[in-house]
Amino acid sequence: MSFPAPATGRLDGAEHALPVRVYYEDTDFTGVVYHAAYLKFFERGRTEFLRAVGIDHRTLLESADPCAFAVTRLAVDFRKAARVDDALTVRTCFRRLRGLRIGTRQRLTRGEDLIAEAEVEVICIRPDGRPRRPPPELVHSLAGGLAGATP
């Protein structure tokens, strides 16, 4: 019997907040977070948001009508440097679900300081990589937080 992993972080209305710590592996040789590490932080935020509303990647992939995600658009604005040992928060809000596309807005903060923000668009795909509509359980789980939500 398989049990879903518990969600990390907290859901506050339409926004999910995930605490993350910057490790040495996330940084360049000067101790500043390397730009690609921000993408990992944002990915973790989206995953934990889904887990908090009862959706996990394994269940989607192992269902009778399997589904996974592919990023189709990603725009990141870097505002301030994050450094090794910083305690950050990834704030994720699912903003729209239109046809095949799911849009999110994410912010990475250190206390009140905005470190980076991202607009990410994903689509649902079948295991063979072909696009598909999001499954009803995903639409239902996200529907409550989509209307007018902005982090």
# chains A, B, ... in the order shown; residues from 1 in each chain; ligands from 1
>>> residues_around(residues="Lys80 (chain A)", least_positions_apart="5", cutoff="8 Å", atoms="only C-alpha atoms", output="ChimeraX atom specification")
/A:114-116
>>> write_last_selection(atoms="C-alpha atoms", output="PDB file, in the first residue's frame")
ATOM      1  CA  LEU A 114      11.823  40.133  -2.911  1.00  0.00           C
ATOM      2  CA  ILE A 115      14.689  38.040  -4.278  1.00  0.00           C
ATOM      3  CA  ALA A 116      13.170  36.776  -7.533  1.00  0.00           C
TER       4      ALA A 116
END
>>> select_by_dssp(residues="chain A", states="strand (DSSP E or B)", output="PDB file with C-alpha atoms, in the first residue's frame")
ATOM      1  CA  ARG A  10       1.532  25.892   4.246  1.00  0.00           C
ATOM      2  CA  LEU A  11      -1.453  26.904   2.196  1.00  0.00           C
ATOM      3  CA  ASP A  12      -2.722  30.390   3.034  1.00  0.00           C
ATOM      4  CA  GLU A  15      -1.089  31.061  -1.924  1.00  0.00           C
ATOM      5  CA  HIS A  16       1.291  28.339  -0.830  1.00  0.00           C
ATOM      6  CA  ALA A  17       4.409  29.249   1.155  1.00  0.00           C
ATOM      7  CA  LEU A  18       7.367  26.859   1.186  1.00  0.00           C
ATOM      8  CA  PRO A  19      10.414  27.577   3.363  1.00  0.00           C
ATOM      9  CA  VAL A  20      13.733  26.694   1.720  1.00  0.00           C
ATOM     10  CA  ARG A  21      17.299  27.010   2.948  1.00  0.00           C
ATOM     11  CA  THR A  27      25.702  28.607  -4.925  1.00  0.00           C
ATOM     12  CA  VAL A  32      25.754  33.611  -4.238  1.00  0.00           C
ATOM     13  CA  VAL A  33      22.867  31.439  -5.447  1.00  0.00           C
ATOM     14  CA  ALA A  68       2.687  14.691 -16.246  1.00  0.00           C
ATOM     15  CA  PHE A  69       3.738  18.326 -16.679  1.00  0.00           C
ATOM     16  CA  ALA A  70       5.990  20.106 -19.150  1.00  0.00           C
ATOM     17  CA  VAL A  71       7.092  23.723 -18.759  1.00  0.00           C
ATOM     18  CA  THR A  72       6.228  25.704 -21.897  1.00  0.00           C
ATOM     19  CA  ARG A  73       7.075  29.208 -20.712  1.00  0.00           C
ATOM     20  CA  LEU A  74       9.264  30.561 -17.951  1.00  0.00           C
ATOM     21  CA  ALA A  75      10.117  34.196 -17.196  1.00  0.00           C
ATOM     22  CA  VAL A  76      12.236  35.044 -14.158  1.00  0.00           C
ATOM     23  CA  ASP A  77      13.101  38.478 -12.806  1.00  0.00           C
ATOM     24  CA  PHE A  78      16.067  38.433 -10.436  1.00  0.00           C
ATOM     25  CA  ARG A  83      23.388  33.701  -0.458  1.00  0.00           C
ATOM     26  CA  ALA A  87      16.291  31.213   4.822  1.00  0.00           C
ATOM     27  CA  LEU A  88      13.936  31.884   1.906  1.00  0.00           C
ATOM     28  CA  THR A  89      10.255  31.371   1.184  1.00  0.00           C
ATOM     29  CA  VAL A  90       8.854  30.270  -2.167  1.00  0.00           C
ATOM     30  CA  ARG A  91       5.367  31.748  -2.586  1.00  0.00           C
ATOM     31  CA  THR A  92       3.272  30.047  -5.261  1.00  0.00           C
ATOM     32  CA  CYS A  93      -0.115  30.950  -6.677  1.00  0.00           C
ATOM     33  CA  PHE A  94      -1.866  29.153  -9.512  1.00  0.00           C
ATOM     34  CA  ARG A  95      -3.395  31.973 -11.541  1.00  0.00           C
ATOM     35  CA  ARG A  96      -5.148  30.458 -14.515  1.00  0.00           C
ATOM     36  CA  LEU A  97      -6.242  27.209 -16.055  1.00  0.00           C
ATOM     37  CA  ARG A  98      -7.168  27.680 -19.680  1.00  0.00           C
ATOM     38  CA  ARG A 101      -2.276  25.651 -20.074  1.00  0.00           C
ATOM     39  CA  ILE A 102      -1.798  26.175 -16.356  1.00  0.00           C
ATOM     40  CA  GLY A 103      -0.224  29.461 -15.274  1.00  0.00           C
ATOM     41  CA  THR A 104       1.522  30.211 -12.007  1.00  0.00           C
ATOM     42  CA  ARG A 105       3.091  33.229 -10.416  1.00  0.00           C
ATOM     43  CA  GLN A 106       5.880  32.639  -7.923  1.00  0.00           C
ATOM     44  CA  ARG A 107       7.945  34.848  -5.660  1.00  0.00           C
ATOM     45  CA  LEU A 108      11.058  34.021  -3.703  1.00  0.00           C
ATOM     46  CA  THR A 109      11.475  36.164  -0.605  1.00  0.00           C
ATOM     47  CA  ARG A 110      13.937  36.588   2.247  1.00  0.00           C
ATOM     48  CA  ASP A 113      12.821  41.319   0.551  1.00  0.00           C
ATOM     49  CA  LEU A 114      11.823  40.133  -2.911  1.00  0.00           C
ATOM     50  CA  ILE A 115      14.689  38.040  -4.278  1.00  0.00           C
ATOM     51  CA  ALA A 116      13.170  36.776  -7.533  1.00  0.00           C
ATOM     52  CA  GLU A 117       9.797  36.316  -9.168  1.00  0.00           C
ATOM     53  CA  ALA A 118       8.660  34.013 -11.943  1.00  0.00           C
ATOM     54  CA  GLU A 119       5.765  33.504 -14.289  1.00  0.00           C
ATOM     55  CA  VAL A 120       5.583  29.837 -15.248  1.00  0.00           C
ATOM     56  CA  GLU A 121       3.265  28.144 -17.708  1.00  0.00           C
ATOM     57  CA  VAL A 122       2.953  24.371 -17.870  1.00  0.00           C
ATOM     58  CA  ILE A 123       0.873  21.968 -19.901  1.00  0.00           C
ATOM     59  CA  CYS A 124      -0.272  18.481 -19.075  1.00  0.00           C
ATOM     60  CA  ILE A 125       1.212  15.742 -21.218  1.00  0.00           C
ATOM     61  CA  PRO A 131      -0.360  17.299 -24.858  1.00  0.00           C
ATOM     62  CA  ARG A 132      -3.611  16.494 -23.083  1.00  0.00           C
TER      63      ARG A 132
END
>>> closest_residue(among="A:Pro134, A:Ala81, A:Phe29, A:Ala7", to="Gly54 (chain A)", atoms="only C-alpha atoms")
A:Ala7
>>> atom_distance(atom1="CA of Glu48 (chain A)", atom2="CA of Pro6 (chain A)")
9.1 Å
>>> atom_distance(atom1="CA of Leu39 (chain A)", atom2="CA of Leu60 (chain A)")
22.1 Å
>>> select_by_dssp(residues="region 20-112 of chain A", states="helix (DSSP H, G or I)", output="PyMOL selection string")
chain A and resi 24-26+35-52+57-62
>>> residues_around(residues="Gly31 (chain A)", least_positions_apart="5", cutoff="12 Å", atoms="only C-alpha atoms", output="VMD selection string")
chain A and resid 22 to 26 81 to 86
>>> decode(residues="region 30-62 of chain A", atoms="N, CA and C atoms", output="compact mmCIF listing (two decimals), in the first residue's frame")
# COMPACT_ATOMS: atom_id res chain seq x y z
N THR A 30 31.33 32.13 -5.05
CA THR A 30 31.31 33.30 -4.16
C THR A 30 30.26 33.19 -3.07
N GLY A 31 29.48 32.10 -3.08
CA GLY A 31 28.43 31.94 -2.08
C GLY A 31 27.10 32.55 -2.47
N VAL A 32 27.00 33.05 -3.71
CA VAL A 32 25.75 33.61 -4.24
C VAL A 32 24.99 32.50 -4.96
N VAL A 33 23.67 32.47 -4.80
CA VAL A 33 22.87 31.44 -5.45
C VAL A 33 23.04 31.53 -6.96
N TYR A 34 23.36 30.39 -7.54
CA TYR A 34 23.52 30.27 -8.98
C TYR A 34 22.14 30.36 -9.63
N HIS A 35 22.05 31.02 -10.78
CA HIS A 35 20.73 31.31 -11.38
C HIS A 35 19.86 30.08 -11.59
N ALA A 36 20.43 28.94 -11.96
CA ALA A 36 19.63 27.73 -12.20
C ALA A 36 19.01 27.18 -10.92
N ALA A 37 19.61 27.47 -9.77
CA ALA A 37 19.07 26.98 -8.50
C ALA A 37 17.70 27.60 -8.21
N TYR A 38 17.49 28.83 -8.66
CA TYR A 38 16.18 29.46 -8.46
C TYR A 38 15.07 28.63 -9.12
N LEU A 39 15.37 28.04 -10.28
CA LEU A 39 14.38 27.22 -10.97
C LEU A 39 14.01 26.00 -10.14
N LYS A 40 14.99 25.42 -9.45
CA LYS A 40 14.70 24.28 -8.57
C LYS A 40 13.83 24.71 -7.40
N PHE A 41 14.11 25.87 -6.83
CA PHE A 41 13.28 26.36 -5.73
C PHE A 41 11.83 26.55 -6.20
N PHE A 42 11.67 27.15 -7.39
CA PHE A 42 10.33 27.38 -7.92
C PHE A 42 9.61 26.05 -8.22
N GLU A 43 10.34 25.09 -8.76
CA GLU A 43 9.75 23.77 -9.03
C GLU A 43 9.25 23.12 -7.73
N ARG A 44 10.05 23.21 -6.69
CA ARG A 44 9.63 22.65 -5.40
C ARG A 44 8.38 23.35 -4.89
N GLY A 45 8.30 24.65 -5.09
CA GLY A 45 7.11 25.39 -4.67
C GLY A 45 5.85 24.92 -5.38
N ARG A 46 5.94 24.72 -6.70
CA ARG A 46 4.77 24.25 -7.45
C ARG A 46 4.37 22.84 -7.02
N THR A 47 5.37 21.98 -6.82
CA THR A 47 5.10 20.60 -6.41
C THR A 47 4.43 20.56 -5.04
N GLU A 48 4.93 21.34 -4.09
CA GLU A 48 4.36 21.31 -2.75
C GLU A 48 2.99 21.97 -2.69
N PHE A 49 2.74 22.95 -3.56
CA PHE A 49 1.39 23.51 -3.66
C PHE A 49 0.42 22.41 -4.07
N LEU A 50 0.77 21.68 -5.13
CA LEU A 50 -0.10 20.59 -5.60
C LEU A 50 -0.31 19.55 -4.50
N ARG A 51 0.75 19.19 -3.82
CA ARG A 51 0.63 18.20 -2.75
C ARG A 51 -0.30 18.70 -1.64
N ALA A 52 -0.24 20.00 -1.35
CA ALA A 52 -1.09 20.59 -0.30
C ALA A 52 -2.57 20.54 -0.67
N VAL A 53 -2.88 20.51 -1.97
CA VAL A 53 -4.29 20.43 -2.39
C VAL A 53 -4.67 19.00 -2.79
N GLY A 54 -3.81 18.03 -2.44
CA GLY A 54 -4.16 16.62 -2.63
C GLY A 54 -3.72 16.00 -3.94
N ILE A 55 -2.83 16.64 -4.68
CA ILE A 55 -2.37 16.11 -5.95
C ILE A 55 -0.87 15.82 -5.85
N ASP A 56 -0.45 14.62 -6.27
CA ASP A 56 0.98 14.36 -6.32
C ASP A 56 1.34 13.77 -7.68
N HIS A 57 2.58 13.99 -8.08
CA HIS A 57 3.04 13.59 -9.41
C HIS A 57 2.91 12.08 -9.65
N ARG A 58 3.27 11.28 -8.68
CA ARG A 58 3.23 9.83 -8.86
C ARG A 58 1.81 9.35 -9.14
N THR A 59 0.85 9.85 -8.37
CA THR A 59 -0.55 9.44 -8.57
C THR A 59 -1.03 9.84 -9.96
N LEU A 60 -0.69 11.05 -10.39
CA LEU A 60 -1.08 11.48 -11.74
C LEU A 60 -0.48 10.57 -12.81
N LEU A 61 0.76 10.20 -12.65
CA LEU A 61 1.45 9.39 -13.65
C LEU A 61 1.00 7.95 -13.64
N GLU A 62 0.59 7.44 -12.47
CA GLU A 62 0.18 6.04 -12.37
C GLU A 62 -1.33 5.83 -12.51
